[in-house]
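*Asks:* Take a look at this one; I'll ask things after.
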Amino acid sequence: MKKMKTFFAVALLFVGAVSFAQSETIVGVAAGNDNFSTLVTAVKTAGLVETLSSEGPFTVFAPTNDAFAKLPDGTVSSLLMPASKTDLTGILTYHVVAGKFEAAAVIDAIKANNGAFKVKTVQGNEIVLTLKEDKVVLTDAKGGTSTVVIADVAASNGVIHAIDTVVMPQ
């Protein structure tokens with residue numbers, strides 16, 4: 001029941017955020033949604049606000065607060081320490097793809113590539129995108145998976161797809 005409430009809360013907030021999307025960057029849209037407070041804090045700590053506010057375009061697979069909460073205890077607080085800035089930056093840029101890829105284009109690419117489409121992230125490693133029960137699933141470099149729970153949140157410099165689990169680079 002808690003997951004359903006969270007899902008609907010995220011959906012409702014995203015619907016409201018879409019009206020601001022033409023003037024708000026990816027960072028602005030995320031900052032305007034309480035379900036991304038951990039992500040926004042991490043982006044600020046990593047020094048990526050300017051980059052993700054630039055012209056782009058970018059596609060961001062954005063972990064929700066619940067996604068960050070799935071990490072082992074202490075992981076988020078450890079990553080937010082100054083000594084972990086390089087690791088944090090690597091993890092965050094692993095969630096970003098250069099270019100604007102809306103859900104329909106992603107699904108078409110998956111289908112055109114025999115059910116699995118590899119995308120290179122800004123971090124440099126690849127994420128494999130597949131479909132499971134009509135939902136886009138990301139498989140990271142370590143074999144972990146994450147599902148897109150809200151797609152196509154427009155921003156002035158790209159698009160955001162909310163995901164339910166943090167993906168990790170090699």
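Each chain of the structure tokens is named A, B, ... in the order shown, its residues numbered from 1; ligands are numbered from 1 in display order.
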Tell me which protein, DNA and RNA residues are within 10 Å of Gly124 of chain A, counting only C-alpha atoms, leaving out same-chain ones fewer than 4 positions away, and put them as a list in words.
*Replies:*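 Answer for this query is Gly90, Thr93, Tyr94, Val96, Val97, Val119, Lys120 and Pro169 of chain A.
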*Asks:* Dump N, CA, C and O atoms for the selected residues as a JSON list (two decimals), in the first residue's frame?
*Replies:*
[["chain", "number", "residue", "atom", "x", "y", "z"],
["A", 90, "GLY", "N", 30.31, 9.79, -10.20],
["A", 90, "GLY", "CA", 30.24, 8.65, -11.10],
["A", 90, "GLY", "C", 28.88, 7.97, -11.08],
["A", 90, "GLY", "O", 28.32, 7.61, -12.12],
["A", 93, "THR", "N", 26.23, 10.50, -12.72],
["A", 93, "THR", "CA", 26.36, 10.63, -14.18],
["A", 93, "THR", "C", 26.05, 9.31, -14.89],
["A", 93, "THR", "O", 25.77, 9.31, -16.09],
["A", 94, "TYR", "N", 26.05, 8.22, -14.16],
["A", 94, "TYR", "CA", 25.63, 6.93, -14.71],
["A", 94, "TYR", "C", 24.12, 6.90, -14.95],
["A", 94, "TYR", "O", 23.61, 6.08, -15.71],
["A", 96, "VAL", "N", 22.57, 9.46, -16.34],
["A", 96, "VAL", "CA", 22.33, 10.49, -17.36],
["A", 96, "VAL", "C", 22.81, 10.01, -18.72],
["A", 96, "VAL", "O", 23.91, 9.48, -18.85],
["A", 97, "VAL", "N", 21.98, 10.25, -19.73],
["A", 97, "VAL", "CA", 22.32, 9.93, -21.11],
["A", 97, "VAL", "C", 22.26, 11.23, -21.91],
["A", 97, "VAL", "O", 21.33, 12.02, -21.75],
["A", 119, "VAL", "N", 22.56, 1.73, -23.93],
["A", 119, "VAL", "CA", 22.82, 3.16, -24.04],
["A", 119, "VAL", "C", 24.07, 3.50, -23.24],
["A", 119, "VAL", "O", 24.29, 2.98, -22.15],
["A", 120, "LYS", "N", 24.88, 4.38, -23.81],
["A", 120, "LYS", "CA", 26.08, 4.83, -23.12],
["A", 120, "LYS", "C", 25.71, 6.03, -22.25],
["A", 120, "LYS", "O", 25.07, 6.97, -22.71],
["A", 169, "PRO", "N", 27.28, 1.92, -11.58],
["A", 169, "PRO", "CA", 28.29, 1.62, -12.60],
["A", 169, "PRO", "C", 29.24, 0.53, -12.14],
["A", 169, "PRO", "O", 29.19, 0.11, -10.98]]
*Asks:* Compile the contact shell of Val137 of chain A as a ChimeraX atom specification: residues with an atom at most 12 Å away, counting only C-alpha atoms, same-chain residues fewer than 3 positions apart removed.
*Replies:* /A:61,103,106-107,110,115-118,127-134,140,143-151,161-165,167
*Asks:* Can you list every residue in segment 7-152 of chain A that DSSP puts in helix (DSSP H, G or I), as an MDAnalysis selection string?
*Replies:* chainID A and resid 7:18 26:31 34:46 49:52 65:69 75:79 82:93 103:112
*Asks:* Please report, as CSV, each residue of segment 62-170 of chain A lying at most 6 Å from segment 43-58 of chain A, together with the nearest pair of atoms and the separation in Å rounded to one decimal; use only C-alpha atoms, and order rows by chain and ascending residue number.
*Replies:*
residue,atom,partner,partner_atom,distance
A:Lys85,CA,A:Ala46,CA,5.6
A:Thr89,CA,A:Ala46,CA,5.4
A:Val97,CA,A:Phe58,CA,5.8
A:Ala98,CA,A:Phe58,CA,4.8
A:Gly99,CA,A:Phe58,CA,4.7
A:Lys100,CA,A:Phe58,CA,5.3
A:Asn157,CA,A:Pro57,CA,4.8
A:Gly158,CA,A:Pro57,CA,4.6
*Asks:* So that I have them on file, write out the residues from the current selection with all heavy atoms, as a CSV table (one decimal), in the first residue's frame.
*Replies:*
chain,number,residue,atom,x,y,z
A,85,LYS,N,33.1,12.5,-3.2
A,85,LYS,CA,32.6,13.3,-4.3
A,85,LYS,C,32.8,12.6,-5.7
A,85,LYS,O,31.9,12.5,-6.5
A,85,LYS,CB,33.2,14.7,-4.3
A,85,LYS,CG,32.6,15.5,-5.4
A,85,LYS,CD,33.1,17.0,-5.4
A,85,LYS,CE,32.5,17.8,-6.5
A,85,LYS,NZ,33.0,19.2,-6.4
A,89,THR,N,29.7,11.4,-8.0
A,89,THR,CA,29.6,12.0,-9.4
A,89,THR,C,29.5,10.9,-10.4
A,89,THR,O,28.7,10.9,-11.3
A,89,THR,CB,30.9,12.9,-9.7
A,89,THR,OG1,30.9,13.9,-8.7
A,89,THR,CG2,30.8,13.4,-11.1
A,97,VAL,N,22.0,10.2,-19.7
A,97,VAL,CA,22.3,9.9,-21.1
A,97,VAL,C,22.3,11.2,-21.9
A,97,VAL,O,21.3,12.0,-21.7
A,97,VAL,CB,21.3,8.9,-21.7
A,97,VAL,CG1,21.6,8.6,-23.2
A,97,VAL,CG2,21.3,7.6,-20.9
A,98,ALA,N,23.3,11.5,-22.8
A,98,ALA,CA,23.2,12.6,-23.6
A,98,ALA,C,22.2,12.5,-24.7
A,98,ALA,O,22.0,11.4,-25.3
A,98,ALA,CB,24.6,12.8,-24.3
A,99,GLY,N,21.4,13.5,-24.9
A,99,GLY,CA,20.2,13.4,-25.8
A,99,GLY,C,18.9,13.3,-25.1
A,99,GLY,O,18.9,12.9,-23.9
A,100,LYS,N,17.9,13.6,-25.8
A,100,LYS,CA,16.5,13.5,-25.3
A,100,LYS,C,15.9,12.2,-25.8
A,100,LYS,O,15.6,12.1,-27.0
A,100,LYS,CB,15.7,14.7,-25.7
A,100,LYS,CG,14.3,14.8,-25.1
A,100,LYS,CD,13.6,16.0,-25.5
A,100,LYS,CE,12.2,16.1,-24.9
A,100,LYS,NZ,11.5,17.3,-25.3
A,157,ASN,N,15.6,21.3,-20.9
A,157,ASN,CA,16.8,20.8,-21.4
A,157,ASN,C,16.8,19.3,-21.5
A,157,ASN,O,17.9,18.7,-21.5
A,157,ASN,CB,18.0,21.3,-20.6
A,157,ASN,CG,18.0,20.9,-19.2
A,157,ASN,OD1,17.0,20.5,-18.6
A,157,ASN,ND2,19.2,20.9,-18.6
A,158,GLY,N,15.7,18.7,-21.6
A,158,GLY,CA,15.6,17.2,-21.7
A,158,GLY,C,14.4,16.6,-21.1
A,158,GLY,O,13.3,17.2,-21.1
*Asks:* Counting only C-alpha atoms, which residue out of A:Thr139, A:Asn35, A:Thr121, A:Asn65 sits closest to Ile91 of chain A?
*Replies:*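 Looking only at the distances to Ile91 of chain A, the closest residue turns out to be A:Thr121.
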*Asks:* Write out as JSON, numbers by chain the set of residues from segment 22-163 of chain A that DSSP, computed on the backbone, places in strand (DSSP E or B).
*Replies:* {"A": [58, 59, 60, 61, 62, 63, 96, 97, 98, 117, 118, 119, 120, 126, 127, 128, 129, 130, 131, 132, 135, 136, 137, 138, 139, 145, 146, 147, 148, 149, 150, 151, 152, 153, 154, 155, 158, 159, 160, 161, 162, 163]}
*Asks:* Might you pull out every residue within 12 Å of Asp87 of chain A, with only C-alpha atoms counted and same-chain residues fewer than 5 positions away left off, and present them as a list in words?
*Replies:* Ala42, Thr45, Ala46, Thr75, Val76, Ser78, Leu79, Leu80, Met81, Pro82, Leu92, Thr93, Tyr94, Gln123, Met168, Pro169 and Gln170 of chain A
*Asks:* State, in Å with one decimal place, the distance from atom CA of Ala154 of chain A to atom CA of Asn114 of chain A.
*Replies:*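 So the two atoms, atom CA of Ala154 of chain A and atom CA of Asn114 of chain A, lie 27.9 Å apart.
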*Asks:* What is the atom CA of Thr38 of chain A-atom CA of Ile26 of chain A distance in Å, reported with one decimal?
*Replies:* 14.6 Å
*Asks:* Compare A:Leu39, A:Val166, A:Leu71, A:Ala104 by their minimum atom-to-atom distance to Leu138 of chain A, counting only C-alpha atoms, and give me the closest one.
*Replies:*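 Closest residue, counting only C-alpha atoms: A:Val166.
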*Asks:* Between atom CA of Asp108 of chain A and atom CA of Glu24 of chain A, what is the spacing in Å?
*Replies:*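 About the pair atom CA of Glu24 of chain A and atom CA of Asp108 of chain A: they are 27.4 Å apart.
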